[in-house]
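File shown: data-v3.txt. Contents: compact mmCIF, C-alpha atoms.
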# COMPACT_ATOMS: atom_id res chain seq x y z
CA MET V 1251 -30.04 -14.82 18.51
CA SER V 1252 -29.44 -11.33 17.23
CA LYS V 1253 -26.68 -11.08 14.68
CA ASP V 1254 -25.36 -8.05 16.50
CA ASN V 1255 -24.94 -10.12 19.58
CA LEU V 1256 -23.15 -13.17 18.28
CA THR V 1257 -21.09 -15.33 20.55
CA LEU V 1258 -18.66 -17.44 18.63
CA PRO V 1259 -18.45 -20.89 20.15
CA VAL V 1260 -15.27 -21.94 18.46
CA LYS V 1261 -11.83 -23.20 19.28
CA ASN V 1262 -8.77 -21.25 18.31
CA THR V 1263 -8.14 -23.04 15.07
CA ASP V 1264 -11.73 -23.18 13.84
CA ALA V 1265 -12.75 -21.13 10.87
CA ILE V 1266 -15.62 -18.81 11.60
CA ILE V 1267 -17.92 -18.42 8.67
CA LEU V 1268 -20.80 -16.08 9.10
CA GLY V 1269 -23.34 -14.58 6.77
CA THR V 1270 -23.92 -10.89 6.33
CA LEU V 1271 -23.58 -9.11 9.61
CA PRO V 1272 -25.48 -5.83 9.84
CA SER V 1273 -22.70 -4.19 11.68
CA LYS V 1274 -21.58 -1.07 13.35
CA LEU V 1275 -18.16 -1.67 11.91
CA GLU V 1276 -18.42 1.09 9.34
CA VAL V 1277 -18.78 3.65 12.10
CA VAL V 1278 -15.44 2.63 13.52
CA ARG V 1279 -13.80 2.15 10.16
CA GLY V 1280 -14.94 5.55 9.00
CA GLN V 1281 -12.86 7.08 11.74
CA ASN V 1282 -9.65 5.80 10.27
CA ASN V 1283 -8.47 5.72 6.69
CA ALA V 1284 -4.76 5.70 7.33
CA SER V 1285 -2.12 3.18 6.30
CA ASP V 1286 -0.33 2.85 9.58
CA ALA V 1287 0.19 -0.25 11.62
CA SER V 1288 -1.53 0.96 14.72
CA LEU V 1289 -5.04 0.06 13.81
CA ALA V 1290 -5.00 -2.74 16.31
CA ALA V 1291 -6.99 -0.61 18.71
CA VAL V 1292 -9.59 0.14 16.10
CA GLN V 1293 -9.71 -3.49 15.07
CA ASP V 1294 -10.09 -4.56 18.65
CA LYS V 1295 -12.92 -2.08 18.91
CA GLU V 1296 -14.47 -3.56 15.78
CA ARG V 1297 -14.41 -6.99 17.33
CA ASP V 1298 -15.80 -5.68 20.56
CA ILE V 1299 -18.71 -4.16 18.71
CA SER V 1300 -19.37 -7.13 16.47
CA PHE V 1301 -18.67 -10.10 18.61
CA ILE V 1302 -18.79 -10.90 22.23
CA THR V 1303 -15.26 -11.96 23.14
CA PRO V 1304 -14.51 -14.66 20.61
CA ASN V 1305 -11.44 -16.47 21.81
CA ILE V 1306 -9.30 -15.59 18.86
CA GLU V 1307 -6.60 -13.57 20.57
CA ALA V 1308 -4.79 -16.61 21.89
CA ALA V 1309 -4.51 -18.09 18.42
CA ASP V 1310 -2.71 -15.11 16.97
CA VAL V 1311 0.84 -16.36 16.66
CA HIS V 1312 2.00 -12.88 15.83
CA ARG V 1313 0.92 -11.54 19.17
CA SER V 1314 2.78 -14.29 20.92
CA ARG V 1315 6.51 -14.35 21.47
CA SER V 1316 7.36 -15.75 18.08
CA TYR V 1317 9.98 -13.83 16.20
CA PHE V 1318 13.42 -13.98 14.60
CA LYS V 1319 16.40 -12.21 16.07
CA LYS V 1320 19.46 -10.82 14.29
CA PRO V 1321 19.43 -13.08 11.24
CA GLN V 1322 22.03 -13.04 8.53
CA ASN V 1323 20.17 -12.81 5.22
CA TRP V 1324 21.21 -13.66 1.68
CA ILE V 1325 19.52 -13.60 -1.69
CA GLY V 1326 20.60 -16.57 -3.79
CA PHE V 1327 20.52 -17.36 -7.50
CA VAL V 1328 20.70 -21.00 -8.56
CA THR V 1329 23.65 -21.51 -10.91
CA GLN V 1330 23.89 -25.30 -11.17
CA ILE V 1331 21.77 -28.31 -10.24
CA SER V 1332 23.06 -31.84 -9.66
CA SER V 1333 21.40 -35.07 -8.57
CA ASP V 1334 21.84 -34.38 -4.88
CA GLY V 1335 22.12 -30.63 -4.59
CA PHE V 1336 22.56 -27.27 -6.23
CA SER V 1337 25.06 -24.43 -6.38
CA ALA V 1338 24.15 -20.81 -5.98
CA ARG V 1339 25.58 -17.33 -5.98
CA LEU V 1340 24.69 -15.55 -2.75
CA ASN V 1341 24.43 -11.82 -2.20
CA ASP V 1342 24.63 -10.71 1.41
CA LYS V 1343 21.62 -8.50 2.14
CA THR V 1344 23.39 -6.48 4.79
CA ASN V 1345 26.47 -5.97 2.66
CA SER V 1346 25.33 -5.88 -0.95
CA SER V 1347 28.88 -5.67 -2.29
CA THR V 1348 29.62 -9.15 -0.97
CA SER V 1349 28.91 -12.07 -3.27
CA GLU V 1350 29.87 -15.68 -2.64
CA GLU V 1351 29.25 -19.16 -3.98
CA ALA V 1352 27.60 -21.87 -1.91
CA GLU V 1353 26.36 -25.42 -2.26
CA PHE V 1354 23.07 -26.72 -0.88
CA ASP V 1355 21.63 -30.20 -0.50
CA LEU V 1356 18.30 -30.98 -2.10
CA GLU V 1357 17.15 -31.77 1.42
CA ASP V 1358 17.49 -28.08 2.23
CA VAL V 1359 14.60 -27.37 -0.12
CA SER V 1360 11.07 -27.73 1.27
CA ASN V 1361 8.83 -30.11 -0.65
CA GLY V 1362 6.51 -27.25 -1.52
CA ASP V 1363 9.35 -25.38 -3.18
CA SER V 1364 10.94 -28.26 -5.09
CA LYS V 1365 9.16 -27.35 -8.35
CA LEU V 1366 10.70 -23.88 -8.15
CA LEU V 1367 14.26 -25.19 -8.17
CA LYS V 1368 15.58 -24.24 -11.61
CA ILE V 1369 18.70 -22.62 -12.99
CA GLY V 1370 18.36 -18.90 -12.35
CA ALA V 1371 15.70 -19.30 -9.65
CA VAL V 1372 15.89 -16.78 -6.83
CA PHE V 1373 15.71 -17.82 -3.20
CA TYR V 1374 16.06 -16.27 0.24
CA TRP V 1375 18.35 -17.86 2.79
CA SER V 1376 18.63 -16.78 6.41
CA VAL V 1377 20.47 -18.05 9.44
CA GLY V 1378 19.69 -16.73 12.88
CA TYR V 1379 17.96 -17.25 16.18
CA ALA V 1380 14.24 -17.85 16.31
CA ASN V 1381 12.37 -17.16 19.51
CA GLN V 1382 9.36 -19.43 19.68
CA ASN V 1383 7.39 -18.56 22.77
CA GLY V 1384 10.59 -18.05 24.72
CA GLN V 1385 12.52 -21.02 23.33
CA ILE V 1386 15.57 -19.91 21.33
CA ILE V 1387 16.27 -22.08 18.30
CA LYS V 1388 19.08 -21.66 15.82
CA GLN V 1389 17.49 -21.89 12.41
CA SER V 1390 18.36 -21.88 8.74
CA ILE V 1391 15.50 -20.89 6.47
CA LEU V 1392 15.59 -21.35 2.71
CA ARG V 1393 12.61 -20.22 0.69
CA PHE V 1394 12.26 -19.82 -3.04
CA LYS V 1395 10.87 -16.60 -4.42
CA ARG V 1396 7.31 -16.84 -5.69
CA ASP V 1397 5.62 -14.52 -8.07
CA ALA V 1398 2.19 -14.31 -9.62
CA ASN V 1399 2.01 -15.82 -13.06
CA MET V 1400 2.70 -13.20 -15.66
CA SER V 1401 -0.40 -11.84 -17.34
CA ASP V 1402 -0.61 -11.64 -21.14
CA THR V 1403 -0.51 -7.86 -20.86
CA GLU V 1404 2.61 -7.96 -18.75
CA PHE V 1405 4.26 -10.48 -21.07
CA ASP V 1406 3.46 -8.31 -24.11
CA PHE V 1407 4.74 -5.21 -22.33
CA LEU V 1408 8.04 -6.89 -21.40
CA ALA V 1409 8.45 -8.39 -24.89
CA ASP V 1410 7.86 -4.96 -26.46
CA ARG V 1411 10.27 -3.36 -24.02
CA ALA V 1412 12.98 -5.97 -24.75
CA SER V 1413 12.49 -5.46 -28.45
CA GLU V 1414 12.73 -1.69 -28.01
CA LEU V 1415 15.95 -1.99 -26.00
CA ASN V 1416 17.38 -4.37 -28.58
CA ASN V 1417 16.60 -1.98 -31.40
CA ASN V 1418 18.25 0.88 -29.54
CA ILE V 1419 21.58 -0.87 -29.11
CA LEU V 1420 24.19 0.83 -31.25
CA TRP V 1421 26.52 -1.86 -32.52
CA ASP V 1422 30.07 -0.89 -33.49
CA MET D 535 24.61 0.23 19.28
CA VAL D 536 21.03 -0.39 18.15
CA ASP D 537 21.54 -4.17 17.99
CA LYS D 538 22.21 -4.20 21.70
CA PHE D 539 18.69 -2.98 22.41
CA LEU D 540 16.68 -4.31 19.47
CA GLU D 541 14.59 -7.35 20.33
CA PHE D 542 12.93 -7.83 16.96
CA GLN D 543 11.33 -6.03 14.08
CA THR D 544 7.89 -6.31 12.54
CA ILE D 545 7.09 -5.39 8.95
CA ASN D 546 3.58 -4.33 8.05
CA ILE D 547 2.17 -3.57 4.62
CA ALA D 548 -1.16 -1.79 4.77
CA VAL D 549 -3.16 -0.92 1.67
CA VAL D 550 -6.27 1.23 1.86
CA GLY D 551 -8.78 0.71 -0.94
CA ASP D 552 -11.93 -1.24 -1.73
CA PHE D 553 -11.66 -4.96 -1.13
CA ASN D 554 -13.82 -8.04 -1.08
CA PRO D 555 -12.39 -9.71 2.05
CA THR D 556 -13.67 -13.21 1.32
CA ILE D 557 -11.41 -13.53 -1.73
CA PHE D 558 -8.40 -13.56 0.56
CA GLN D 559 -8.16 -17.11 1.81
CA PRO D 560 -5.19 -19.44 2.19
CA PHE D 561 -6.26 -21.83 -0.57
CA TRP D 562 -6.80 -18.93 -2.97
CA LEU D 563 -3.20 -17.84 -2.32
CA SER D 564 -2.01 -21.41 -2.84
CA SER D 565 -4.05 -21.82 -6.05
CA LYS D 566 -2.28 -18.74 -7.40
CA ASN D 567 1.08 -20.26 -6.44
CA LEU D 568 1.81 -17.42 -4.01
CA ILE D 569 2.26 -19.73 -1.02
CA ARG D 570 2.95 -23.45 -0.67
CA GLU D 571 0.01 -25.81 -0.63
CA ASP D 572 1.04 -27.24 2.74
CA GLU D 573 1.08 -23.72 4.16
CA ALA D 574 -2.52 -23.25 3.04
CA LYS D 575 -3.48 -26.55 4.65
CA SER D 576 -1.92 -25.63 7.97
CA ALA D 577 -3.08 -22.00 8.01
CA ASN D 578 -4.71 -20.84 11.19
CA VAL D 579 -7.97 -19.35 9.94
CA GLU D 580 -9.60 -17.26 12.62
CA LEU D 581 -12.38 -15.47 10.83
CA ILE D 582 -13.97 -15.52 7.42
CA HIS D 583 -16.78 -13.06 7.09
CA ASN D 584 -18.10 -10.73 4.41
CA ASP D 585 -16.69 -7.78 6.34
CA ILE D 586 -13.46 -9.15 7.74
CA VAL D 587 -11.08 -12.05 7.12
CA ARG D 588 -8.29 -12.97 9.53
CA PHE D 589 -5.81 -15.80 9.24
CA ASN D 590 -2.15 -16.44 9.67
CA LEU D 591 0.46 -18.73 8.25
CA ASP D 592 3.52 -19.54 10.28
CA TRP D 593 5.28 -16.43 9.00
CA VAL D 594 2.67 -13.87 8.05
CA SER D 595 -0.70 -12.75 9.35
CA PHE D 596 -3.51 -11.33 7.25
CA GLU D 597 -6.39 -9.09 8.14
CA ILE D 598 -8.59 -7.79 5.37
CA THR D 599 -11.65 -5.63 5.77
CA ARG D 600 -13.69 -3.94 3.08
CA ASN D 601 -11.39 -0.91 3.04
CA ARG D 602 -8.08 -2.22 4.32
CA PHE D 603 -5.59 -4.94 3.42
CA ASP D 604 -3.09 -5.59 6.18
CA VAL D 605 -0.26 -8.11 6.35
CA ARG D 606 2.39 -8.27 9.03
CA CYS D 607 5.39 -10.40 9.86
CA THR D 608 7.66 -10.60 12.88
CA LYS D 609 10.23 -12.91 11.31
CA GLU D 610 12.87 -10.99 9.41
CA PRO D 611 13.83 -13.84 7.04
CA TYR D 612 10.33 -13.59 5.61
CA PHE D 613 10.21 -9.84 5.03
CA ASP D 614 11.06 -10.19 1.33
CA PRO D 615 8.59 -13.08 0.85
CA VAL D 616 5.91 -10.87 2.45
CA LYS D 617 6.69 -8.19 -0.12
CA ASP D 618 6.58 -10.77 -2.95
CA LEU D 619 3.30 -12.09 -1.65
CA THR D 620 1.71 -8.64 -1.52
CA VAL D 621 2.98 -7.72 -4.96
CA GLY D 622 1.72 -11.06 -6.31
CA ILE D 623 -1.73 -10.52 -4.83
CA PHE D 624 -2.13 -7.09 -6.35
CA LYS D 625 -0.77 -8.21 -9.70
CA ILE D 626 -3.66 -10.67 -9.75
CA LEU D 627 -6.22 -8.24 -8.33
CA HIS D 628 -5.09 -5.56 -10.71
CA GLU D 629 -8.44 -3.80 -10.94
CA THR D 630 -8.75 -3.21 -7.22
CA PRO D 631 -9.17 0.49 -6.42
CA ILE D 632 -6.34 1.59 -4.14
CA ARG D 633 -5.92 4.88 -2.31
CA THR D 634 -2.93 4.66 0.00
CA LEU D 635 -0.05 2.38 0.84
CA GLY D 636 1.84 2.06 4.09
CA ILE D 637 5.15 0.21 4.36
CA ASN D 638 5.48 0.25 8.10
CA HIS D 639 8.22 -0.84 10.45
CA ILE D 640 7.82 -1.60 14.11
CA PHE D 641 10.94 -1.99 16.21
CA GLU D 642 10.57 -3.67 19.59
CA LEU D 643 13.28 -2.47 21.93
CA ALA D 644 14.35 -3.43 25.42
CA LEU D 645 16.36 -0.66 27.08
CA GLN D 646 17.92 -2.97 29.65
CA ASN D 647 17.58 -0.92 32.83
CA GLU D 648 15.49 1.72 34.53
CA LYS D 649 18.07 4.45 34.14
CA TYR D 650 18.29 3.98 30.34
CA PHE D 651 14.54 3.73 30.12
CA TYR D 652 13.96 6.99 32.01
CA ASN D 653 16.74 8.85 30.19
CA PHE D 654 15.41 7.80 26.81
CA GLY D 655 12.08 9.50 27.55
CA LYS D 656 13.64 12.46 29.31
CA ASN D 657 15.80 13.21 26.27
CA LEU D 658 12.77 13.20 23.99
CA ALA D 659 10.61 15.53 26.07
CA ILE D 660 11.40 18.09 28.74
CA LEU D 661 9.95 16.38 31.76
CA ASP D 662 11.03 19.21 34.08
CA LEU D 663 8.17 21.25 32.64
CA TRP D 664 5.73 18.97 34.42
CA GLU D 665 7.26 19.18 37.86
CA PRO D 666 6.04 19.78 40.47
CA SER D 667 2.58 19.65 38.84
CA LEU D 668 3.08 15.93 38.37
CA ASN D 669 4.96 13.65 40.71
CA LYS D 670 7.94 12.04 38.89
CA PRO D 671 6.56 12.55 35.36
CA LYS D 672 7.58 10.02 32.71
CA LEU D 673 7.10 9.93 28.97
CA ASN D 674 4.65 7.30 27.85
CA TYR D 675 3.92 8.20 24.23
CA PHE D 676 5.58 10.42 21.65
CA GLU D 677 4.70 11.15 18.03
CA VAL D 678 6.51 13.07 15.31
CA ILE D 679 5.23 13.68 11.79
CA GLU D 680 6.51 15.19 8.59
CA ASN D 681 4.01 16.98 6.37
CA GLU D 682 5.80 16.23 3.13
CA ARG D 683 8.24 13.49 2.33
CA GLY D 684 11.81 14.57 1.64
CA ASP D 685 12.12 12.20 -1.34
CA GLY D 686 9.55 14.02 -3.47
CA LYS D 687 7.00 11.20 -3.33
CA LYS D 688 3.43 11.90 -2.33
CA GLY D 689 2.84 10.95 1.25
CA SER D 690 4.36 11.44 4.65
CA ARG D 691 5.99 9.62 7.51
CA ARG D 692 4.94 9.38 11.09
CA VAL D 693 7.07 8.05 13.92
CA ARG D 694 5.60 6.99 17.21
CA LEU D 695 7.32 5.84 20.35
CA ARG D 696 5.48 4.26 23.20
CA SER D 697 6.42 2.36 26.27
CA ALA D 698 5.82 -1.37 25.93
CA PRO D 699 4.97 -2.81 29.32
CA GLU D 700 4.87 -6.34 27.92
CA ARG D 701 8.68 -6.26 27.94
CA THR D 702 10.99 -5.17 30.73
CA PHE D 703 11.98 -1.56 30.01
CA GLY D 704 10.35 -2.04 26.66
CA VAL D 705 9.84 0.64 24.02
CA THR D 706 8.11 0.29 20.67
CA LEU D 707 9.16 2.47 17.74
CA ASP D 708 6.51 2.53 15.05
CA ILE D 709 7.37 4.09 11.69
CA ASN D 710 4.46 4.69 9.33
CA ASN D 711 5.80 5.13 5.81
CA HIS D 712 2.73 6.43 4.02
CA PHE D 713 2.29 6.86 0.25
CA ASN D 714 -0.66 8.39 -1.54
CA ILE D 715 -1.60 6.81 -4.84
CA ASP D 716 -2.87 9.05 -7.62
CA ASN D 717 -3.91 6.34 -10.00
CA LYS D 718 -6.66 4.56 -8.15
CA ILE D 719 -6.26 1.33 -10.11
CA SER D 720 -3.75 -0.76 -8.33
CA GLU D 721 -1.54 -2.84 -10.56
CA GLU D 722 1.00 -0.42 -11.98
CA SER D 723 0.93 2.19 -9.27
CA LEU D 724 0.80 -0.07 -6.22
CA VAL D 725 3.10 -2.83 -7.46
CA ASN D 726 5.65 -0.32 -8.71
CA LEU D 727 5.36 1.73 -5.56
CA ILE D 728 6.06 -1.27 -3.37
CA GLY D 729 8.87 -2.50 -5.63
CA SER D 730 10.62 0.83 -5.90
CA ASN D 731 10.30 1.76 -2.22
CA TRP D 732 10.77 -1.55 -0.47
CA GLN D 733 14.50 -1.59 0.10
CA GLY D 734 14.67 2.17 0.72
CA SER D 735 11.90 1.87 3.25
CA LEU D 736 13.71 -0.90 5.14
CA GLU D 737 16.91 1.10 5.17
CA SER D 738 15.26 4.35 6.19
CA GLY D 739 13.56 2.60 9.09
CA HIS D 740 16.92 1.43 10.40
CA THR D 741 18.43 4.87 9.78
CA ILE D 742 15.69 6.59 11.76
CA LEU D 743 16.25 4.21 14.64
CA ALA D 744 20.05 4.48 14.51
CA ASN D 745 19.98 8.29 14.36
CA LEU D 746 17.53 8.46 17.21
CA PHE D 747 19.76 6.32 19.39
CA GLU D 748 22.88 8.21 18.43
CA LYS D 749 21.33 11.58 19.24
CA ASN D 750 19.39 10.54 22.30
CA LYS D 751 22.48 9.22 24.09
CA PHE D 752 20.40 7.72 26.88
CA TYR D 753 23.10 5.12 27.45
CA ASN D 754 25.86 7.71 28.01
CA GLU D 755 24.39 9.57 30.96
Using structure tokens, write down the structure from this file.
Amino acid sequence: MSKDNLTLPVKNTDAIILGTLPSKLEVVRGQNNASDASLAAVQDKERDISFITPNIEAADVHRSRSYFKKPQNWIGFVTQISSDGFSARLNDKTNSSTSEEAEFDLEDVSNGDSKLLKIGAVFYWSVGYANQNGQIIKQSILRFKRDANMSDTEFDFLADRASELNNNILWD
Amino acid sequence: MVDKFLEFQTINIAVVGDFNPTIFQPFWLSSKNLIREDEAKSANVELIHNDIVRFNLDWVSFEITRNRFDVRCTKEPYFDPVKDLTVGIFKILHETPIRTLGINHIFELALQNEKYFYNFGKNLAILDLWEPSLNKPKLNYFEVIENERGDGKKGSRRVRLRSAPERTFGVTLDINNHFNIDNKISEESLVNLIGSNWQGSLESGHTILANLFEKNKFYNE
């Protein structure tokens, strides 16, 4: 079978792992070097050129009716942790001047985020209506902020900067 | 007023540069602590290829080609995590050559009835010009650009409106918030650019939409 004429006999959730594909993709890609979100047409064209109708469209959850409507969003900072929950200061994202205190159960934290629960940890909390393929569900989502581990260079830079700021403080 | 017509919003971060797509896989993200391990396990991986990688988690979809990194999210509670994820990736891949950044907003609107839908287009373009050459002309697509950003940053913005037949009286407003990057090495320029423009970009997207609705007045006629 020619690599330019691949049919992908896979189900939606299968990974497709192919070797080097001598492709015509660059021709299409060369036509667009912009950062906008409307490259779907070009990407569809890429797939059309490379593959004969792989059934991947149906698996794309983001092209289905799955979205969140009118949520209320807060950014939280953990202030206290107890055996069954934690307290946090919440800043309303739509009204940044509003700050309030709230208590959460440990059960509100996903297992994958439990290691991130520390004093001072930042989390996002939202309440709103999710539309999952037409079904409206009232949801509360709590997710802890994740960041890449700090590199040595970044650590050194921040340490130097802190030291510089400290040295510049004029004490009375 | 906007809330009455806004169905949902999509955020898209697009980075143009030179990438090795096969690096970007769910378990790589999990190994770097950027997503949860169970999210990596349940990721829907569509395509892993030297030229293109596509997969999605429950809240974000990825598509990476050799010259484009593209993430998008339709669930507003995850917009900030999408930003954190992108920043985290490019902190790790700090030697990746980067040329441009787009922080893009797509608003999916439903204008409720035919009269609103027609008026919205009519108030954007003078449809009378096309009569009687065309029978009952309607606006299907509209694009406005600025050559230079008003905030002094290098780049431009482009706003596109198009009818969205997948929704009843649907309209999609697509705002491309484009930044050029002088320093072609990513870490400082890209990470700082995203960090310093994220909130402003979200707010300006809503402002553009709100101003458009206020001035268009399609619902008052």
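Nearest residue to chain D among V:Gln1382, V:Leu1340, V:Glu1414, V:Trp1421 is V:Gln1382, counting all atoms listed in the file.
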Q | Contacts of Leu1366 in chain V at 12 Å (only C-alpha atoms; same-chain gap of 6+ positions) as a PyMOL selection string | A | (chain V and resi 1327-1328+1359-1360+1372-1373+1393-1397) or (chain D and resi 567-570)
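For the set V:Pro1321, V:Gly1326, V:Gly1384, V:Gly1378, the residue with the smallest atom-to-atom gap to Thr1344 in chain V is V:Pro1321, counting only C-alpha atoms.
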Q: Output the contact residues of chain D with respect to chain V at a cut-off of 7 Å, based on all atoms listed in the file, as a PyMOL selection string.
A: chain D and resi 541-542+546+548-550+566-568+570-572+578-584+608-611+615+618+622+625-626+634-636+638+710+712
Q: Please identify all polymer residues within 7 Å of Arg633 in chain D, counting all atoms listed in the file, omitting same-chain residues fewer than 5 positions from it, and present them as JSON, numbers by chain.
A: {"D": [550, 551, 714, 715, 718]}
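Across D:Asn657, D:Thr620, D:Thr599, D:Ser564, the tightest approach to Asn750 in chain D is made by D:Asn657 when counting only C-alpha atoms.
With all atoms listed in the file as the atoms that count, the residue of D:Leu563, D:Cys607, D:Val616, D:Ile598 with the shortest distance to Ile728 in chain D is D:Val616.
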Q: List every protein, DNA or RNA residue that has an atom no more than 7 Å from (1.5, 8.6, -3.9) in the file's coordinate frame, counting all atoms listed in the file, and report them as a PyMOL selection string.
A: chain D and resi 687-689+713-716
Q: Would you work out the distance separating CA of Phe747 in chain D from CA of Glu680 in chain D, expressed in Å to one decimal?
A: 19.3 Å
Q.
List as a ChimeraX atom specification the protein and nucleic acid residues near range 684-686 of chain D, meaning an atom at most 12 Å away when all atoms listed in the file are counted, but skip any in the same chain fewer than 4 places from it.
A. /D:680,690-691,711,713-714,731,734-735,738
So that I have them on file, write out the residues from the current selection with C-alpha atoms, as a PDB file, in the frame of the given file.
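The resulting file, selection32.pdb, is reproduced below:
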ATOM      1  CA  GLU D 680       6.510  15.190   8.590  1.00  0.00           C
ATOM      2  CA  SER D 690       4.360  11.440   4.650  1.00  0.00           C
ATOM      3  CA  ARG D 691       5.990   9.620   7.510  1.00  0.00           C
ATOM      4  CA  ASN D 711       5.800   5.130   5.810  1.00  0.00           C
ATOM      5  CA  PHE D 713       2.290   6.860   0.250  1.00  0.00           C
ATOM      6  CA  ASN D 714      -0.660   8.390  -1.540  1.00  0.00           C
ATOM      7  CA  ASN D 731      10.300   1.760  -2.220  1.00  0.00           C
ATOM      8  CA  GLY D 734      14.670   2.170   0.720  1.00  0.00           C
ATOM      9  CA  SER D 735      11.900   1.870   3.250  1.00  0.00           C
ATOM     10  CA  SER D 738      15.260   4.350   6.190  1.00  0.00           C
TER      11      SER D 738
END
Q | Top pick for closest residue to Ser1337 in chain V, considering V:Ile1387, V:Ser1349, V:Phe1354, V:Asp1402 and counting all atoms listed in the file | A | V:Phe1354
Q.
Please compute the CA of Phe613 in chain D-CA of Lys1343 in chain V distance, one decimal, in Å.
A. 11.8 Å
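One distance worth recording is that between CA of Ser1364 in chain V and CA of Lys575 in chain D, which is 17.5 Å.
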Listed atoms of range 1348-1364 of chain V, axis-aligned box, 3 Å per side: centre and edge lengths to one decimal in Å, as JSON?
{"center_x": 18.2, "center_y": -20.5, "center_z": -1.4, "size_x": 29.4, "size_y": 28.6, "size_z": 13.3}
